Every structure is written in C-alpha cells, then in structure tokens.
Amino acid sequence: MTVVSNWKKKLRAVPGALENEVVAAQRQANTMTLEQAQLTEQTLRRKEQELIRYQNALGQQFAESEQKKNEELINNITKYLEKHTKDKPYKIVFGYSKGGGILYAANSFDITQEVLKGLNEEYQATKPAPAAKNKK
C-alpha cells in the first residue's frame with residue numbers, strides 16, 4: 001500500500017464513522033426529548049469540528065511528508081550529478097518542468113535518460129535485498 005493510499009484511507013475512515021452517528025441520531029430523533037436532541041446536535045457539531053481539524057492536520061502532515069520526500073529526491077539527484085558530471089563537459093544542468101523557465105531545448109541537450117539510468121543503477125546497488133518468502 002502506498003503512502004498516498006494510506007493518507008486517503010485515513011481521510012475517508014473518520015467521516016464515515018461520523019456519518020453513521022448522524023444517521024443513528026436521525027433514526028432516534030422521534031424518541032428523543034428536546035433536551036436529548038439538542039445535546040446530540042451539540043455533540044455531533046463538536047465531532048464535526050474535530051473532524052475538520054483532524055482532516056486539516058492530516059493534510060498538513062501529508063504536505064510536510066511530500067515536501068520532505070521531494071527535498072530528499074532533489075538532494076539525491078544533486079549528489080548524483082555532482083559525482084557523475086565531473087568527467088563530463090557539463091557546467092550546468094537545468095531542471096525542466098512544463099511551463100517552467102525553459103521553454104525549449106534541443107533533444108541533444110537532454111540528459112534525462114542518462115541521469116535516470118545512473119540514479120536507478122545506484123538505487124539498485126544500495127537497495128536491500130528482498131526477504132525470501134516462504135512458500136507452502
């Protein structure tokens with residue numbers, strides 16, 4: 001399960017529980033006194049506010065986690081480029097994103113595949129071997 005699907009699962013789980021409480025309260029509304037109904041409404045509103053705070057906190061945690069992963073990725077790419085461009089004629093390597101600062105570059109300047117191949121080779125060399133699975 002990916003990090004993103006874990007976050008999505010967390011964000012979906014809590015609203016579902018609150019919805020179930022609201023439905024249960026609506027079913028019992030006819031049998032409640034006015035005081036009980038008001039107390040139930042207050043409790044549900046408080047839980048809704050807690051849910052909103054929880055969702056905001058999860059969203060912030062996800063954004064911070066994503067930012068940290070992106071920084072780690074950029075640092076890894078930079079370290080790789082520092083090591084592997086020493087014996088190359090490159091004096092500067094630009095990052096490209098559609099709509100970014102580079103509007104056009106000839107394909108002869110594109111070293112993306114070379115860099116990806118090198119990064120993947122380094123990753124495979126440092127990645128721990130997968131644990132053996134027991135077959136029954």
# chains A, B, ... in the order shown; residues from 1 in each chain; ligands from 1
call {"tool": "select_by_dssp", "arguments": {"residues": "region 25-89 of chain A", "states": "alpha helix (DSSP H)", "output": "ChimeraX atom specification"}}
result
/A:25-28,34-84
call {"tool": "residues_around", "arguments": {"residues": "region 39-51 of chain A", "least_positions_apart": "2", "cutoff": "8 Å", "atoms": "only C-alpha atoms", "output": "list in words"}}
result
Val14, Pro15, Leu18, Glu21, Val22, Ala25, Glu35, Gln36, Ala37, Arg53, Tyr54 and Gln55 of chain A
call {"tool": "write_last_selection", "arguments": {"atoms": "C-alpha atoms", "output": "PDB file, in the first residue's frame"}}
result
ATOM      1  CA  VAL A  14     -13.350   9.165  10.117  1.00  0.00           C
ATOM      2  CA  PRO A  15     -16.092  10.936   8.094  1.00  0.00           C
ATOM      3  CA  LEU A  18     -19.434  10.469  11.856  1.00  0.00           C
ATOM      4  CA  GLU A  21     -23.557   8.603  14.071  1.00  0.00           C
ATOM      5  CA  VAL A  22     -25.640  11.232  12.271  1.00  0.00           C
ATOM      6  CA  ALA A  25     -29.232  10.123  15.650  1.00  0.00           C
ATOM      7  CA  GLU A  35     -33.022  18.281  25.611  1.00  0.00           C
ATOM      8  CA  GLN A  36     -31.590  14.999  24.286  1.00  0.00           C
ATOM      9  CA  ALA A  37     -31.936  16.212  20.697  1.00  0.00           C
ATOM     10  CA  ARG A  53      -9.318  19.856  12.498  1.00  0.00           C
ATOM     11  CA  TYR A  54      -8.193  16.232  12.094  1.00  0.00           C
ATOM     12  CA  GLN A  55      -8.503  16.405   8.288  1.00  0.00           C
TER      13      GLN A  55
END
call {"tool": "residues_around", "arguments": {"residues": "Asn76 (chain A)", "least_positions_apart": "4", "cutoff": "12 Å", "atoms": "only C-alpha atoms", "output": "number ranges by chain"}}
result
A: 69-72, 80-83, 115-116, 118-120, 122-123
